[in-house]
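J.: Input protein15.txt, format and content: compact mmCIF, C-alpha atoms and all ligand atoms.
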# COMPACT_ATOMS: atom_id res chain seq x y z
CA MET A 1 166.91 185.93 221.44
CA ARG A 2 164.51 183.01 221.62
CA LEU A 3 160.90 183.97 221.05
CA LEU A 4 158.24 181.75 222.55
CA LYS A 5 154.97 182.06 220.68
CA ALA A 6 152.25 180.26 222.58
CA LYS A 7 149.18 178.85 220.91
CA VAL A 8 146.60 177.64 223.42
CA LEU A 9 144.24 174.70 222.87
CA ARG A 10 141.37 174.42 225.32
CA PHE A 11 139.57 171.30 226.47
CA GLU A 12 136.67 170.73 228.86
CA SER A 13 138.11 167.50 230.16
CA LEU A 14 141.31 165.54 229.59
CA ALA A 15 143.04 162.71 231.40
CA SER A 16 146.16 164.90 231.70
CA THR A 17 147.23 168.00 229.76
CA ASN A 18 150.84 166.72 229.87
CA THR A 19 149.85 163.39 228.33
CA GLU A 20 147.78 164.99 225.56
CA LEU A 21 150.52 167.49 224.74
CA ALA A 22 153.14 164.72 224.61
CA ARG A 23 150.93 162.97 222.06
CA LEU A 24 150.70 166.12 219.94
CA ALA A 25 154.46 166.69 220.27
CA GLY A 26 154.97 163.19 218.89
CA GLU A 27 152.91 164.25 215.86
CA GLY A 28 155.24 167.21 215.26
CA ALA A 29 153.62 170.02 217.27
CA GLU A 30 155.65 173.21 217.43
CA GLU A 31 157.29 174.79 220.43
CA GLY A 32 154.82 176.94 222.34
CA LEU A 33 151.79 174.72 221.81
CA SER A 34 149.90 174.86 225.10
CA ILE A 35 146.91 173.08 226.53
CA VAL A 36 144.45 174.16 229.20
CA ALA A 37 141.78 171.83 230.54
CA ASP A 38 138.84 172.69 232.80
CA GLU A 39 139.37 169.39 234.57
CA GLN A 40 141.76 166.44 234.45
CA THR A 41 140.57 162.95 235.21
CA ALA A 42 144.08 161.52 235.67
CA GLY A 43 146.21 164.57 236.53
CA ARG A 44 149.78 163.62 237.35
CA GLY A 45 152.23 165.06 239.86
CA ARG A 46 155.92 164.52 240.60
CA LEU A 47 157.12 161.18 241.93
CA GLN A 48 154.21 159.27 240.37
CA ARG A 49 151.64 161.04 242.51
CA ALA A 50 148.14 161.96 241.38
CA TRP A 51 147.25 165.66 240.97
CA SER A 52 143.69 166.40 242.00
CA SER A 53 142.14 168.44 239.17
CA PRO A 54 138.41 169.05 239.62
CA LYS A 55 136.51 171.46 237.39
CA GLY A 56 136.59 174.97 238.78
CA GLY A 57 139.42 174.15 241.17
CA GLY A 58 142.55 175.08 239.33
CA LEU A 59 144.47 176.13 236.27
CA TYR A 60 145.66 172.94 234.59
CA PHE A 61 148.15 173.93 231.93
CA SER A 62 150.95 172.41 229.84
CA ILE A 63 153.35 173.96 227.33
CA LEU A 64 155.64 172.26 224.81
CA LEU A 65 159.25 173.49 224.72
CA ARG A 66 162.04 172.53 222.37
CA PRO A 67 165.00 174.10 224.20
CA THR A 68 168.32 174.66 222.46
CA ILE A 69 170.35 175.09 225.66
CA PRO A 70 172.74 172.22 226.52
CA GLN A 71 170.93 169.24 227.94
CA GLU A 72 172.74 169.41 231.30
CA GLN A 73 170.96 172.75 231.85
CA TRP A 74 167.47 171.36 231.23
CA PRO A 75 166.70 171.04 234.97
CA LEU A 76 166.72 174.85 234.94
CA ILE A 77 163.61 174.78 232.78
CA THR A 78 161.62 173.99 235.90
CA PHE A 79 163.40 176.86 237.66
CA MET A 80 162.38 179.31 234.93
CA ALA A 81 158.83 177.92 235.04
CA ALA A 82 158.66 178.47 238.82
CA LEU A 83 159.88 182.05 238.32
CA ALA A 84 157.22 182.58 235.65
CA VAL A 85 154.43 181.25 237.87
CA GLY A 86 155.70 183.47 240.69
CA ASP A 87 155.49 186.53 238.42
CA ALA A 88 152.03 185.59 237.16
CA LEU A 89 150.65 185.07 240.67
CA ASP A 90 152.20 188.34 241.82
CA GLU A 91 150.90 190.35 238.88
CA ALA A 92 147.56 188.73 238.18
CA GLY A 93 146.65 186.78 241.31
CA GLY A 94 147.65 189.19 244.04
CA VAL A 95 149.71 186.50 245.77
CA HIS A 96 153.38 186.63 246.69
CA THR A 97 155.01 183.22 246.65
CA ASP A 98 158.08 181.37 247.89
CA ILE A 99 159.74 178.54 245.92
CA LYS A 100 160.53 175.20 247.51
CA TRP A 101 163.17 173.17 245.69
CA PRO A 102 162.83 172.13 243.02
CA ASN A 103 159.66 173.82 241.87
CA ASP A 104 156.78 174.00 244.32
CA LEU A 105 155.26 177.44 244.78
CA LEU A 106 154.20 178.15 248.35
CA SER A 107 152.14 180.82 250.01
CA GLY A 108 152.43 180.96 253.79
CA GLU A 109 154.37 177.64 253.72
CA ARG A 110 151.48 175.90 251.97
CA LYS A 111 151.56 174.65 248.39
CA ILE A 112 149.70 176.74 245.83
CA CYS A 113 151.24 175.38 242.62
CA GLY A 114 153.10 172.31 241.40
CA ILE A 115 155.18 171.90 238.25
CA LEU A 116 155.82 168.66 236.40
CA ALA A 117 158.43 168.88 233.61
CA GLU A 118 158.81 165.78 231.47
CA ALA A 119 161.45 165.27 228.78
CA ILE A 120 160.16 163.32 225.78
CA GLU A 121 161.56 162.01 222.51
CA THR A 122 159.79 163.28 219.38
CA PRO A 123 160.57 162.91 215.66
CA ALA A 124 161.80 166.53 215.75
CA GLY A 125 164.16 165.80 218.66
CA ARG A 126 164.08 165.81 222.44
CA ALA A 127 161.50 168.17 223.91
CA VAL A 128 160.06 169.09 227.30
CA ILE A 129 156.46 169.29 228.40
CA VAL A 130 156.10 171.68 231.33
CA GLY A 131 152.87 171.02 233.22
CA ILE A 132 151.67 173.58 235.73
CA GLY A 133 148.85 173.12 238.22
CA ILE A 134 147.77 176.21 240.15
CA ASN A 135 145.20 175.87 242.93
CA LEU A 136 142.74 178.65 242.17
CA THR A 137 140.16 177.78 244.82
CA GLN A 138 140.00 175.53 247.88
CA HIS A 139 137.94 173.15 245.73
CA ALA A 140 141.21 172.16 243.97
CA PHE A 141 142.24 169.78 246.76
CA GLN A 142 140.73 167.56 249.47
CA PRO A 143 139.79 169.45 252.66
CA GLU A 144 142.16 167.26 254.71
CA LEU A 145 145.09 168.83 252.82
CA ALA A 146 144.16 172.35 253.96
CA ASN A 147 147.11 172.40 256.39
CA VAL A 148 149.60 171.83 253.56
CA ALA A 149 147.83 173.34 250.54
CA THR A 150 146.29 176.70 249.76
CA SER A 151 144.76 178.48 246.79
CA VAL A 152 144.87 181.84 245.06
CA SER A 153 141.41 182.67 246.42
CA GLU A 154 142.42 181.91 250.00
CA ALA A 155 145.80 183.63 249.78
CA SER A 156 144.56 186.77 248.03
CA GLY A 157 141.08 186.96 249.56
CA LYS A 158 139.72 187.52 246.04
CA SER A 159 138.06 185.39 243.45
CA PRO A 160 140.77 184.60 240.87
CA ASP A 161 140.27 185.04 237.13
CA ARG A 162 141.80 182.00 235.41
CA GLU A 163 142.13 183.74 232.04
CA ILE A 164 143.97 186.75 233.46
CA ILE A 165 146.36 184.49 235.36
CA LEU A 166 146.89 182.39 232.23
CA ALA A 167 147.69 185.47 230.11
CA ALA A 168 150.20 186.67 232.72
CA LEU A 169 151.72 183.18 232.88
CA LEU A 170 152.21 183.00 229.11
CA ASN A 171 153.96 186.40 229.11
CA ALA A 172 156.16 185.47 232.05
CA LEU A 173 157.12 182.12 230.50
CA ALA A 174 158.13 183.88 227.29
CA ARG A 175 160.34 186.31 229.27
CA TRP A 176 162.11 183.74 231.44
CA TYR A 177 162.51 181.17 228.64
CA SER A 178 164.09 183.79 226.43
CA LEU A 179 166.42 184.86 229.25
CA LEU A 180 167.48 181.24 229.86
CA HIS A 181 168.65 181.04 226.24
CA GLU A 182 170.67 184.26 226.37
CA PRO A 183 174.40 184.30 227.15
CA GLY A 184 174.65 184.41 230.95
CA GLY A 185 170.98 183.39 231.19
CA ARG A 186 171.73 180.31 233.27
CA GLU A 187 173.39 182.44 235.98
CA LYS A 188 170.57 184.98 235.93
CA VAL A 189 167.87 182.31 236.28
CA ILE A 190 169.75 180.63 239.15
CA ALA A 191 170.28 183.98 240.88
CA ALA A 192 166.61 184.97 240.53
CA TRP A 193 165.44 181.55 241.69
CA SER A 194 167.79 181.66 244.72
CA ASN A 195 166.56 185.14 245.59
CA ARG A 196 162.97 184.04 245.59
CA SER A 197 163.43 180.77 247.46
CA SER A 198 163.66 180.74 251.23
CA TYR A 199 164.86 177.14 250.78
CA ALA A 200 167.97 178.07 248.79
CA THR A 201 170.34 178.71 251.69
CA GLY A 202 170.50 178.27 255.44
CA ARG A 203 167.35 176.19 255.74
CA LEU A 204 167.30 173.03 257.82
CA VAL A 205 165.50 170.45 255.70
CA GLN A 206 164.80 166.77 255.38
CA VAL A 207 165.05 165.21 251.94
CA SER A 208 163.38 161.90 251.18
CA ASN A 209 164.17 160.03 248.04
CA GLY A 210 162.72 156.52 247.94
CA ASP A 211 164.19 154.66 250.92
CA GLU A 212 166.82 157.31 251.62
CA ILE A 213 166.29 160.19 254.03
CA TRP A 214 168.87 162.93 254.64
CA GLN A 215 168.85 165.95 256.87
CA GLY A 216 170.97 169.01 256.42
CA THR A 217 171.17 172.72 255.90
CA THR A 218 170.76 174.04 252.38
CA SER A 219 173.67 175.95 250.88
CA GLY A 220 172.62 177.06 247.43
CA VAL A 221 172.16 175.30 244.12
CA GLU A 222 174.67 173.92 241.61
CA ARG A 223 174.91 175.15 238.04
CA ASP A 224 172.59 172.31 236.94
CA GLY A 225 169.98 173.10 239.61
CA ALA A 226 170.97 170.41 242.14
CA LEU A 227 170.38 171.48 245.75
CA ARG A 228 173.49 171.55 247.98
CA LEU A 229 172.96 170.15 251.45
CA ASN A 230 175.45 170.43 254.33
CA THR A 231 174.85 167.30 256.37
CA PRO A 232 175.47 167.08 260.15
CA ASN A 233 178.63 164.98 259.59
CA GLY A 234 180.18 167.75 257.51
CA GLU A 235 179.58 166.24 254.08
CA ILE A 236 178.04 168.11 251.17
CA ARG A 237 175.33 166.17 249.38
CA LEU A 238 173.91 167.15 246.02
CA VAL A 239 170.18 166.53 245.78
CA ARG A 240 168.88 165.93 242.25
CA ALA A 241 165.60 164.19 243.08
CA GLY A 242 163.29 163.79 246.03
CA ASP A 243 161.00 165.62 248.36
CA VAL A 244 162.25 168.46 250.51
CA CYS A 245 160.52 169.49 253.70
CA SER A 246 161.40 172.08 256.25
CA VAL A 247 162.54 170.91 259.72
CA ARG A 248 161.63 173.27 262.54
C1 LIG A 301 153.63 168.30 241.55
O1 LIG A 301 153.76 169.22 242.36
O2 LIG A 301 153.68 167.11 241.91
C2 LIG A 301 153.43 168.64 240.09
C3 LIG A 301 151.99 168.81 239.75
C4 LIG A 301 151.76 169.16 238.28
C5 LIG A 301 150.30 169.20 237.92
C6 LIG A 301 150.07 169.72 236.53
S1 LIG A 301 148.37 170.08 236.20
C7 LIG A 301 148.72 170.27 234.51
C8 LIG A 301 149.72 169.20 234.13
N1 LIG A 301 149.05 167.96 233.77
C9 LIG A 301 149.31 166.98 234.63
O3 LIG A 301 148.87 165.83 234.56
N2 LIG A 301 150.13 167.42 235.59
C10 LIG A 301 150.50 168.80 235.39
Would you write out, as structure tokens, the structure that this file holds?

T.:
Amino acid sequence: MRLLKAKVLRFESLASTNTELARLAGEGAEEGLSIVADEQTAGRGRLQRAWSSPKGGGLYFSILLRPTIPQEQWPLITFMAALAVGDALDEAGGVHTDIKWPNDLLSGERKICGILAEAIETPAGRAVIVGIGINLTQHAFQPELANVATSVSEASGKSPDREIILAALLNALARWYSLLHEPGGREKVIAAWSNRSSYATGRLVQVSNGDEIWQGTTSGVERDGALRLNTPNGEIRLVRAGDVCSVR
């Protein structure tokens, strides 16, 4: 059993919680070290995008992990993180979420949370920083994104308590991370993720990855977390990177 003991450092303002935690990991920080910032001035998202992080808008959180599962399973760390955020929002935010591959949390088809997992080299070995950004209020993002983004306050109709959501998130991360390290944990995490994602099977999607765009119907995920896509010409494509959007 792998115990995850989180120790949380709090900051008023940081460029990025992921960047600061990577620095501390390089200095030998232990697994479980976590950072929360009230605001980020250079918050980062997937695919080199910026993550808007104004004060009072969201939960901006990163945790350092030093997984001992085989490296080919590391993509499942984002799966377990998405499951943990889903639990935390259910239990402490009053919001039921869907997961869009690989790790966006949606409420009513709009994004409520993003996850950025970054593998880094440290003197103590390869590690992962899992960064989680949860929109707590509508202030988290620009008003023009209101058709694609939402927040815990909008989705639940209540004013969210960041600390209660954070406590639930830490508990849920400990549970799912421990499960991932157990024998058969990989299968359980994939099964739970697939159960909670309306994108896992039978969904007509478009995937864009740089200059490439594919369309197809999803048909589950591989053992390493890659999304299987049945394309119109009968091929199966495995998607390991890119943006997925629903085609209606
Ligand atoms: C995405 O959906 O593109 C991922 C967004 C991840 C944002 C979080 S906020 C906390 C952590 N620090 C960062 O700079 N990014 C992540």

J.: Which residues of chain A come within 9 Å of ligand LIG 301 (chain A), and for each one, what is the closest pair of atoms and their distance in Å to one decimal, counting only C-alpha atoms and all ligand atoms, sorted by chain and residue number, as CSV?

T.:
residue,atom,partner,partner_atom,distance
A:Ala15,CA,A:LIG301,O3,7.3
A:Ser16,CA,A:LIG301,O3,4.0
A:Thr17,CA,A:LIG301,N1,4.4
A:Asn18,CA,A:LIG301,N1,4.5
A:Thr19,CA,A:LIG301,O3,6.8
A:Glu20,CA,A:LIG301,N1,8.8
A:Ile35,CA,A:LIG301,C7,8.7
A:Val36,CA,A:LIG301,C7,7.8
A:Ala37,CA,A:LIG301,C7,8.1
A:Gln40,CA,A:LIG301,O3,7.1
A:Thr41,CA,A:LIG301,O3,8.8
A:Ala42,CA,A:LIG301,O3,6.5
A:Gly43,CA,A:LIG301,O3,3.5
A:Arg44,CA,A:LIG301,O3,3.7
A:Gly45,CA,A:LIG301,O2,3.2
A:Arg46,CA,A:LIG301,O2,3.7
A:Leu47,CA,A:LIG301,O2,6.9
A:Gln48,CA,A:LIG301,O2,8.0
A:Arg49,CA,A:LIG301,O2,6.4
A:Ala50,CA,A:LIG301,O2,7.6
A:Trp51,CA,A:LIG301,C5,5.6
A:Ser52,CA,A:LIG301,C5,8.3
A:Ser53,CA,A:LIG301,S1,7.1
A:Gly58,CA,A:LIG301,S1,8.3
A:Leu59,CA,A:LIG301,S1,7.2
A:Tyr60,CA,A:LIG301,C7,4.1
A:Phe61,CA,A:LIG301,C7,4.5
A:Ser62,CA,A:LIG301,C8,5.5
A:Asn103,CA,A:LIG301,O1,7.5
A:Asp104,CA,A:LIG301,O1,6.0
A:Leu105,CA,A:LIG301,O1,8.7
A:Lys111,CA,A:LIG301,O1,8.4
A:Cys113,CA,A:LIG301,O1,6.7
A:Gly114,CA,A:LIG301,O1,3.3
A:Ile115,CA,A:LIG301,C2,4.1
A:Leu116,CA,A:LIG301,C2,4.4
A:Ala117,CA,A:LIG301,C10,8.1
A:Ile129,CA,A:LIG301,C8,8.8
A:Val130,CA,A:LIG301,C8,7.4
A:Gly131,CA,A:LIG301,C8,3.8
A:Ile132,CA,A:LIG301,C6,4.3
A:Gly133,CA,A:LIG301,S1,3.7
A:Ile134,CA,A:LIG301,S1,7.3

J.: Could you work out how far atom CA of Lys7 of chain A lies from atom CA of Gly26 of chain A, giving the answer in Å with one decimal?

T.: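 Between atom CA of Gly26 of chain A and atom CA of Lys7 of chain A the gap is 16.8 Å.
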
J.: Report, in Å to a single decimal, how far apart atom CA of Ser13 of chain A and atom CA of Glu163 of chain A are.

T.: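 Between these atoms lies a distance of 16.8 Å.
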
J.: For Ala88 of chain A, which residue among A:Gly108, A:Glu31, A:Gln71, A:Leu170 is the nearest when counting all atoms listed in the file?

T.: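 Smallest separation from Ala88 of chain A among the options: A:Leu170.
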
J.: Could you give me, as a tab-separated table, every segment 30-146 of chain A residue with an atom at most 7 Å from segment 179-193 of chain A, plus its closest atom pair and distance in Å to one decimal, counting all atoms listed in the file, rows ordered by chain then number?

T.:
residue	atom	partner	partner_atom	distance
A:Ile69	CA	A:His181	CA	6.2
A:Phe79	CA	A:Trp193	CA	6.5
A:Met80	CA	A:Val189	CA	6.4
A:Leu83	CA	A:Trp193	CA	6.5

J.: Using only C-alpha atoms, which residues sit within 7 Å of Thr201 of chain A once same-chain residues fewer than 4 positions away are excluded, as number ranges by chain?

T.: A: 218-220

J.: From the list A:Ala84, A:Trp74, A:Asp211, A:Thr217, which residue is nearest Ala174 of chain A when using only C-alpha atoms?

T.: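 Residue with the minimum atom-to-atom distance to Ala174 of chain A: A:Ala84.
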
J.: Considering all atoms listed in the file, can you say which of A:Pro75, A:Pro232, A:Pro54, A:Gly94 comes closest to Pro160 of chain A?

T.: A:Gly94

J.: Hey, can you pull every residue with an atom no more than 8 Å from (152.9, 178.6, 219.1), using all atoms listed in the file, and send it as JSON, numbers by chain?

T.: {"A": [4, 5, 6, 7, 8, 30, 31, 32, 33, 34]}

J.: Counting all atoms listed in the file, find residues at most 9 Å from (166.3, 168.2, 226.0) (file frame) and give them as JSON, numbers by chain.

T.: {"A": [65, 66, 67, 68, 69, 70, 71, 72, 73, 74, 119, 120, 121, 125, 126, 127, 128]}

J.: Rank A:Arg23, A:His139, A:Arg248, A:Arg203 by their smallest atom-to-atom distance to Leu227 of chain A, using all atoms listed in the file, and report the top residue only.

T.: A:Arg203

J.: Please, what distance in Å, to one decimal, runs between atom CA of Ser208 of chain A and atom CA of Cys245 of chain A?

T.: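 Here the two named atoms are 8.5 Å from each other.
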
J.: Select, from A:Leu76, A:Ile63, A:Leu21, A:Ala241, the residue with the minimum atom-to-atom distance to Arg223 of chain A, counting only C-alpha atoms.

T.: A:Leu76

J.: Here is a test: counting only C-alpha atoms, which residue of A:Ile112, A:Leu166, A:Ile99, A:Ala146 is nearest to Ala200 of chain A?

T.: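 With only C-alpha atoms as the atom set, the closest residue is A:Ile99.
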
J.: Can you list, as a list of chain:residue names, every protein, DNA or RNA residue that comes within 10 Å of Gly93 of chain A when you count all atoms listed in the file, leaving out same-chain residues fewer than 5 positions away?

T.: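 Listed by chain and then number, they are A:Gly86, A:Asp87, A:Ala88, A:Leu136, A:Val152, A:Ser153, A:Ala155, A:Ser156, A:Gly157, A:Lys158, A:Ser159, A:Pro160, A:Asp161, A:Arg162, A:Ile164, A:Ile165, A:Ala168.
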
J.: I'd like the contact shell of Asp98 of chain A - 8 Å cut-off, all atoms listed in the file, skipping same-chain residues fewer than 4 positions apart - returned as an MDAnalysis selection string.

T.: chainID A and resid 86 105:107 109 196:198

J.: Could segment 98-109 of chain A be completed with all heavy atoms and returned as a PDB file, in the frame of the given file?

T.:
ATOM      1  N   ASP A  98     156.733 181.860 247.586  1.00  0.00           N
ATOM      2  CA  ASP A  98     158.080 181.370 247.890  1.00  0.00           C
ATOM      3  C   ASP A  98     158.272 180.142 246.991  1.00  0.00           C
ATOM      4  O   ASP A  98     157.281 179.545 246.543  1.00  0.00           O
ATOM      5  CB  ASP A  98     158.076 180.960 249.377  1.00  0.00           C
ATOM      6  CG  ASP A  98     159.438 180.530 249.896  1.00  0.00           C
ATOM      7  OD1 ASP A  98     160.450 180.784 249.218  1.00  0.00           O
ATOM      8  OD2 ASP A  98     159.468 179.954 251.010  1.00  0.00           O
ATOM      9  N   ILE A  99     159.519 179.757 246.718  1.00  0.00           N
ATOM     10  CA  ILE A  99     159.740 178.540 245.920  1.00  0.00           C
ATOM     11  C   ILE A  99     160.442 177.509 246.790  1.00  0.00           C
ATOM     12  O   ILE A  99     161.462 177.804 247.418  1.00  0.00           O
ATOM     13  CB  ILE A  99     160.623 178.802 244.677  1.00  0.00           C
ATOM     14  CG1 ILE A  99     160.117 180.005 243.874  1.00  0.00           C
ATOM     15  CG2 ILE A  99     160.672 177.558 243.800  1.00  0.00           C
ATOM     16  CD1 ILE A  99     161.035 180.391 242.703  1.00  0.00           C
ATOM     17  N   LYS A 100     159.874 176.312 246.809  1.00  0.00           N
ATOM     18  CA  LYS A 100     160.530 175.200 247.510  1.00  0.00           C
ATOM     19  C   LYS A 100     161.173 174.296 246.462  1.00  0.00           C
ATOM     20  O   LYS A 100     160.506 173.928 245.486  1.00  0.00           O
ATOM     21  CB  LYS A 100     159.496 174.407 248.334  1.00  0.00           C
ATOM     22  CG  LYS A 100     160.094 173.215 249.070  1.00  0.00           C
ATOM     23  CD  LYS A 100     159.181 172.753 250.182  1.00  0.00           C
ATOM     24  CE  LYS A 100     158.030 171.914 249.695  1.00  0.00           C
ATOM     25  NZ  LYS A 100     158.389 170.506 249.451  1.00  0.00           N
ATOM     26  N   TRP A 101     162.464 173.976 246.683  1.00  0.00           N
ATOM     27  CA  TRP A 101     163.170 173.170 245.690  1.00  0.00           C
ATOM     28  C   TRP A 101     162.422 171.882 245.421  1.00  0.00           C
ATOM     29  O   TRP A 101     161.941 171.271 246.370  1.00  0.00           O
ATOM     30  CB  TRP A 101     164.580 172.839 246.220  1.00  0.00           C
ATOM     31  CG  TRP A 101     165.449 172.179 245.196  1.00  0.00           C
ATOM     32  CD1 TRP A 101     166.322 172.769 244.349  1.00  0.00           C
ATOM     33  CD2 TRP A 101     165.504 170.774 244.907  1.00  0.00           C
ATOM     34  NE1 TRP A 101     166.915 171.825 243.538  1.00  0.00           N
ATOM     35  CE2 TRP A 101     166.422 170.592 243.866  1.00  0.00           C
ATOM     36  CE3 TRP A 101     164.840 169.640 245.406  1.00  0.00           C
ATOM     37  CZ2 TRP A 101     166.714 169.343 243.322  1.00  0.00           C
ATOM     38  CZ3 TRP A 101     165.131 168.407 244.863  1.00  0.00           C
ATOM     39  CH2 TRP A 101     166.065 168.263 243.842  1.00  0.00           C
ATOM     40  N   PRO A 102     162.295 171.426 244.164  1.00  0.00           N
ATOM     41  CA  PRO A 102     162.830 172.130 243.020  1.00  0.00           C
ATOM     42  C   PRO A 102     161.871 173.169 242.441  1.00  0.00           C
ATOM     43  O   PRO A 102     162.309 174.145 241.860  1.00  0.00           O
ATOM     44  CB  PRO A 102     163.052 171.012 241.994  1.00  0.00           C
ATOM     45  CG  PRO A 102     162.020 169.971 242.325  1.00  0.00           C
ATOM     46  CD  PRO A 102     161.807 170.061 243.820  1.00  0.00           C
ATOM     47  N   ASN A 103     160.573 172.946 242.609  1.00  0.00           N
ATOM     48  CA  ASN A 103     159.660 173.820 241.870  1.00  0.00           C
ATOM     49  C   ASN A 103     158.242 173.874 242.426  1.00  0.00           C
ATOM     50  O   ASN A 103     157.290 173.990 241.665  1.00  0.00           O
ATOM     51  CB  ASN A 103     159.626 173.411 240.391  1.00  0.00           C
ATOM     52  CG  ASN A 103     159.482 171.917 240.252  1.00  0.00           C
ATOM     53  OD1 ASN A 103     158.856 171.296 241.097  1.00  0.00           O
ATOM     54  ND2 ASN A 103     160.064 171.331 239.248  1.00  0.00           N
ATOM     55  N   ASP A 104     158.114 173.787 243.728  1.00  0.00           N
ATOM     56  CA  ASP A 104     156.780 174.000 244.320  1.00  0.00           C
ATOM     57  C   ASP A 104     156.659 175.478 244.661  1.00  0.00           C
ATOM     58  O   ASP A 104     157.587 176.065 245.215  1.00  0.00           O
ATOM     59  CB  ASP A 104     156.631 173.235 245.642  1.00  0.00           C
ATOM     60  CG  ASP A 104     156.388 171.759 245.429  1.00  0.00           C
ATOM     61  OD1 ASP A 104     156.200 171.342 244.280  1.00  0.00           O
ATOM     62  OD2 ASP A 104     156.387 171.024 246.439  1.00  0.00           O
ATOM     63  N   LEU A 105     155.517 176.061 244.365  1.00  0.00           N
ATOM     64  CA  LEU A 105     155.260 177.440 244.780  1.00  0.00           C
ATOM     65  C   LEU A 105     154.433 177.388 246.059  1.00  0.00           C
ATOM     66  O   LEU A 105     153.444 176.647 246.127  1.00  0.00           O
ATOM     67  CB  LEU A 105     154.464 178.177 243.695  1.00  0.00           C
ATOM     68  CG  LEU A 105     155.190 178.821 242.485  1.00  0.00           C
ATOM     69  CD1 LEU A 105     155.955 180.042 242.925  1.00  0.00           C
ATOM     70  CD2 LEU A 105     156.086 177.843 241.783  1.00  0.00           C
ATOM     71  N   LEU A 106     154.867 178.152 247.051  1.00  0.00           N
ATOM     72  CA  LEU A 106     154.200 178.150 248.350  1.00  0.00           C
ATOM     73  C   LEU A 106     153.687 179.534 248.688  1.00  0.00           C
ATOM     74  O   LEU A 106     154.298 180.539 248.307  1.00  0.00           O
ATOM     75  CB  LEU A 106     155.174 177.737 249.463  1.00  0.00           C
ATOM     76  CG  LEU A 106     156.008 176.476 249.290  1.00  0.00           C
ATOM     77  CD1 LEU A 106     156.907 176.283 250.523  1.00  0.00           C
ATOM     78  CD2 LEU A 106     155.139 175.253 249.103  1.00  0.00           C
ATOM     79  N   SER A 107     152.593 179.555 249.421  1.00  0.00           N
ATOM     80  CA  SER A 107     152.140 180.820 250.010  1.00  0.00           C
ATOM     81  C   SER A 107     151.889 180.512 251.479  1.00  0.00           C
ATOM     82  O   SER A 107     151.131 179.572 251.793  1.00  0.00           O
ATOM     83  CB  SER A 107     150.858 181.282 249.313  1.00  0.00           C
ATOM     84  OG  SER A 107     150.267 182.304 250.066  1.00  0.00           O
ATOM     85  N   GLY A 108     152.561 181.243 252.359  1.00  0.00           N
ATOM     86  CA  GLY A 108     152.430 180.960 253.790  1.00  0.00           C
ATOM     87  C   GLY A 108     152.786 179.520 254.102  1.00  0.00           C
ATOM     88  O   GLY A 108     152.070 178.862 254.869  1.00  0.00           O
ATOM     89  N   GLU A 109     153.862 179.017 253.485  1.00  0.00           N
ATOM     90  CA  GLU A 109     154.370 177.640 253.720  1.00  0.00           C
ATOM     91  C   GLU A 109     153.462 176.546 253.168  1.00  0.00           C
ATOM     92  O   GLU A 109     153.734 175.364 253.366  1.00  0.00           O
ATOM     93  CB  GLU A 109     154.599 177.368 255.227  1.00  0.00           C
ATOM     94  CG  GLU A 109     155.588 178.292 255.896  1.00  0.00           C
ATOM     95  CD  GLU A 109     157.039 177.945 255.596  1.00  0.00           C
ATOM     96  OE1 GLU A 109     157.336 176.770 255.386  1.00  0.00           O
ATOM     97  OE2 GLU A 109     157.857 178.885 255.535  1.00  0.00           O
TER      98      GLU A 109
END
